[in-house]
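Have a look at the structure below before the remarks.
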Amino acid sequence: MKTTASFKEMKQNNEKIAMMTAYDAPSAKLVEEAGIDVILVGDSLGMVVLGYDSTIPVTINDMILHSKAVKRGAKNTFIVTDMPFLTYHSSLEVTIDNARRLMQDGGANAVKLEGNGTVIEKIEKLTNAGVPVVAHLGLTPQSVGVLGGYRVQGKDAKAAKQLLEDAKKVELAGACMLVLECVPKQLARLISEEISIPTIGIGAGKETDGQVLVYHDLIGYGSERVPKFVKQYTNISESICHALSTYVTEVKTSQFPEDKHTFTMKDEELDRLYGG
Ligand SMILES: Nc1nc(=O)c2c([nH]1)NC[C@@H]1CN(c3ccc(C(=O)N[C@@H](CCC(=O)O)C(=O)O)cc3)CN21
Ligand SMILES: CC(C)C(=O)C(=O)O
Ligand SMILES: [Mg+2]
């Protein structure tokens, strides 16, 4: 299994890091078989799996449940789990206990925290306590209410400068990786050059040290509208829809089940059943 040291080495060797989300055992198994470097159990599961319209309702118990399932499906892949909304903002004790649960109960190898400011102190404390931390800057979806929507961040020079400063701070705090979401490609490039920890981009152009996408987005499973930064490598919803509607038709017309799907009783037993 890769480690935080492997990811740093990959950056030094200009070898791109491929990260993908997974939320359950079968998807995690496929993602591992595809040769992914890191799995992210993202709180985006609230939207793509649980049907909420943001990541705000996701709980620590949701993250533990899904991390455990992912771990069972991908035993040999490094797993990062998102700390969900407001589970790392109150006391240090609460933050550490939530990280402990994600690692000890959920099987995560690292946790991911969104944001700057006081969150950076939490990154430092967690790292000191032995918890590998992935930072997440740019568009931080847990702050959608404050940001006023899912918008590209760091578009003007002032905001870009602030983001670069924050990236340097998370590195200094000990973060092992940095996810950069929805920032202009020039800023993502600059940050990737200026810090020594790997940057993983989503909607941040090709010059980050790695890329991450949401599983459901890249296989076209679920919502029709996906953000501009998504490449749908297939549209699995179409195959699923076709299979499901064919099943309904075959049930209605008694084409399913066929003999090969059916169990039979021996004639002598049948005689006994009727003959008594
Ligand atoms: N399915 C899914 N994929 C994701 O990548 C994702 C989630 N869910 N949920 C959590 C966050 C929310 N994310 C989002 C959601 C929407 C946009 C979006 O619509 N962006 C606009 C850009 C708007 C602008 O120009 O400022 C776009 O057109 O892509 C971006 C990120 C990323 N994350
Ligand atoms: C989009 C990625 C970076 C994420 O945080 C998630 O899937 O929750
Ligand atoms: Mg997330």
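Identifiers in the structure tokens: chain A, B, ... in order shown; residue index from 1 per chain; ligand index from 1 in order shown.
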Residues within 12 Å of ligand 3, counting only C-alpha atoms and all ligand atoms, as a ChimeraX atom specification: /A:20-23,40-48,54-56,58,63,80-85,111-115,134-144,179-181,202,212-214
Non-local contacts of Pro184 (chain A) (10 Å; only C-alpha atoms; under 4 positions in same chain excluded) as a VMD selection string: chain A and resid 138 152 to 156 160 180 188 to 189 203 to 205
For the residues in that selection, give me C-alpha atoms as an mmCIF file, in the first residue's frame.
```
data_model
loop_
_atom_site.group_PDB
_atom_site.id
_atom_site.type_symbol
_atom_site.label_atom_id
_atom_site.label_comp_id
_atom_site.auth_asym_id
_atom_site.auth_seq_id
_atom_site.Cartn_x
_atom_site.Cartn_y
_atom_site.Cartn_z
ATOM 1 C CA GLY A 138 -10.337 26.885 -2.834
ATOM 2 C CA VAL A 152 -14.635 29.301 -8.632
ATOM 3 C CA GLN A 153 -12.287 30.753 -5.947
ATOM 4 C CA GLY A 154 -9.098 32.833 -6.186
ATOM 5 C CA LYS A 155 -10.006 34.549 -9.445
ATOM 6 C CA ASP A 156 -8.529 37.990 -8.639
ATOM 7 C CA ALA A 160 -5.168 34.298 -5.263
ATOM 8 C CA LEU A 180 -7.393 22.428 -4.532
ATOM 9 C CA ALA A 188 -3.108 25.907 -9.051
ATOM 10 C CA ARG A 189 0.178 25.773 -10.945
ATOM 11 C CA GLY A 203 -11.453 21.869 -11.384
ATOM 12 C CA ALA A 204 -7.912 23.242 -11.006
ATOM 13 C CA GLY A 205 -6.331 22.395 -14.355
#
```
Selection near Ser239 (chain A), 12 Å with only C-alpha atoms, sequence-local residues under 6 positions removed, as a ChimeraX atom specification: /A:219-221,245-246
Store the residues of this selection in a file with C-alpha atoms, as an mmCIF file, in the first residue's frame.
```
data_model
loop_
_atom_site.group_PDB
_atom_site.id
_atom_site.type_symbol
_atom_site.label_atom_id
_atom_site.label_comp_id
_atom_site.auth_asym_id
_atom_site.auth_seq_id
_atom_site.Cartn_x
_atom_site.Cartn_y
_atom_site.Cartn_z
ATOM 1 C CA ILE A 219 -19.051 7.022 -14.626
ATOM 2 C CA GLY A 220 -22.177 9.087 -15.276
ATOM 3 C CA TYR A 221 -24.234 7.553 -12.487
ATOM 4 C CA SER A 245 -36.908 -1.243 -17.800
ATOM 5 C CA THR A 246 -36.258 -4.538 -19.606
#
```
Near-Gln232 (chain A) list (12 Å; only C-alpha atoms; drop same-chain fewer than 3 positions) as number ranges by chain: A: 213-229, 235-237
Helix (DSSP H, G or I) call set, DSSP backbone run, region 48-172 of chain A, as an MDAnalysis selection string: chainID A and resid 48 60:73 92:105 118:128 141:147 157:172
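For the set A:Gly275, A:Ser196, A:Ile79, A:Gly73, the residue with the smallest atom-to-atom gap to Lys11 (chain A) is A:Ser196, counting only C-alpha atoms.
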Distance criterion (only C-alpha atoms and all ligand atoms): nearest to ligand 1 out of A:Asn116, A:Gln255, A:Thr249, A:Gln211: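 Checking each of A:Asn116, A:Gln255, A:Thr249, A:Gln211 against ligand 1, counting only C-alpha atoms and all ligand atoms, the winner is A:Gln211.
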Filtered DSSP result for region 138-271 of chain A, state strand (DSSP E), as a PyMOL selection string: chain A and resi 138+177-181+199-202+210-213
Next, write the just-selected residues to a file, as a CSV table (one decimal), in the first residue's frame, keeping N, CA and C atoms as the atom set.
```csv
chain,number,residue,atom,x,y,z
A,138,GLY,N,-9.7,26.5,-1.6
A,138,GLY,CA,-10.3,26.9,-2.8
A,138,GLY,C,-11.8,26.8,-2.6
A,177,MET,N,-1.0,16.4,2.1
A,177,MET,CA,-1.4,16.7,0.8
A,177,MET,C,-2.4,17.9,0.8
A,178,LEU,N,-2.6,18.4,-0.3
A,178,LEU,CA,-3.6,19.6,-0.4
A,178,LEU,C,-4.5,19.4,-1.6
A,179,VAL,N,-5.8,19.3,-1.3
A,179,VAL,CA,-6.8,19.3,-2.4
A,179,VAL,C,-7.1,20.8,-2.7
A,180,LEU,N,-7.0,21.1,-4.0
A,180,LEU,CA,-7.4,22.4,-4.5
A,180,LEU,C,-8.6,22.3,-5.4
A,181,GLU,N,-9.7,22.9,-5.0
A,181,GLU,CA,-11.0,22.7,-5.7
A,181,GLU,C,-11.4,24.0,-6.4
A,199,THR,N,-0.2,18.5,-4.5
A,199,THR,CA,-1.5,19.1,-4.7
A,199,THR,C,-2.4,18.2,-5.5
A,200,ILE,N,-3.6,18.1,-5.1
A,200,ILE,CA,-4.6,17.3,-5.9
A,200,ILE,C,-5.7,18.2,-6.3
A,201,GLY,N,-5.8,18.3,-7.6
A,201,GLY,CA,-6.8,19.3,-8.2
A,201,GLY,C,-8.1,18.6,-8.5
A,202,ILE,N,-9.2,19.5,-8.4
A,202,ILE,CA,-10.5,19.1,-8.9
A,202,ILE,C,-11.0,20.5,-9.5
A,210,GLY,N,-1.8,15.9,-8.8
A,210,GLY,CA,-2.7,14.8,-9.0
A,210,GLY,C,-4.1,15.4,-9.3
A,211,GLN,N,-5.0,14.4,-9.5
A,211,GLN,CA,-6.4,14.8,-9.8
A,211,GLN,C,-7.3,14.0,-9.0
A,212,VAL,N,-8.5,14.5,-8.6
A,212,VAL,CA,-9.5,13.8,-8.0
A,212,VAL,C,-10.8,14.1,-8.7
A,213,LEU,N,-11.7,13.0,-8.8
A,213,LEU,CA,-13.0,13.2,-9.3
A,213,LEU,C,-14.0,12.3,-8.4
```
Counting only C-alpha atoms, the option among A:Val94, A:Ile191, A:Leu270, A:Val31 closest to Asp209 (chain A):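 Closest residue, counting only C-alpha atoms: A:Ile191.
Between ligand 2 and the candidates A:Val70, A:Leu92, A:Cys176, A:Ile39, the tightest atom-to-atom separation, counting only C-alpha atoms and all ligand atoms, involves A:Ile39.
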Of the listed residues A:Cys182, A:Leu50, A:Met10, A:Leu30, that which approaches ligand 2 most closely, counting only C-alpha atoms and all ligand atoms: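 Using only C-alpha atoms and all ligand atoms, the shortest distance to ligand 2 belongs to A:Cys182.
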Shortest interatomic distance to Ser67 (chain A) - which of A:Gly148, A:Gly107, A:Gly174, A:Gly51, counting only C-alpha atoms: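 Checking each candidate against Ser67 (chain A), we get A:Gly107 as the closest.
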Gap from CA of Ser27 (chain A) to CA of His261 (chain A) - Å, one decimal: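 The value is 26.8 Å.
Here CA of Ala34 (chain A) is placed at a distance of 12.5 Å from CA of Asn76 (chain A).
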Nearby residues (only C-alpha atoms) at most 9 Å from Ile195 (chain A), same-chain spacing under 3 positions excluded, as a PyMOL selection string: chain A and resi 167-168+171+190-192+198-199
Distance of CA of Pro257 (chain A) from CA of His242 (chain A), expressed in Å to one decimal place: 17.7 Å
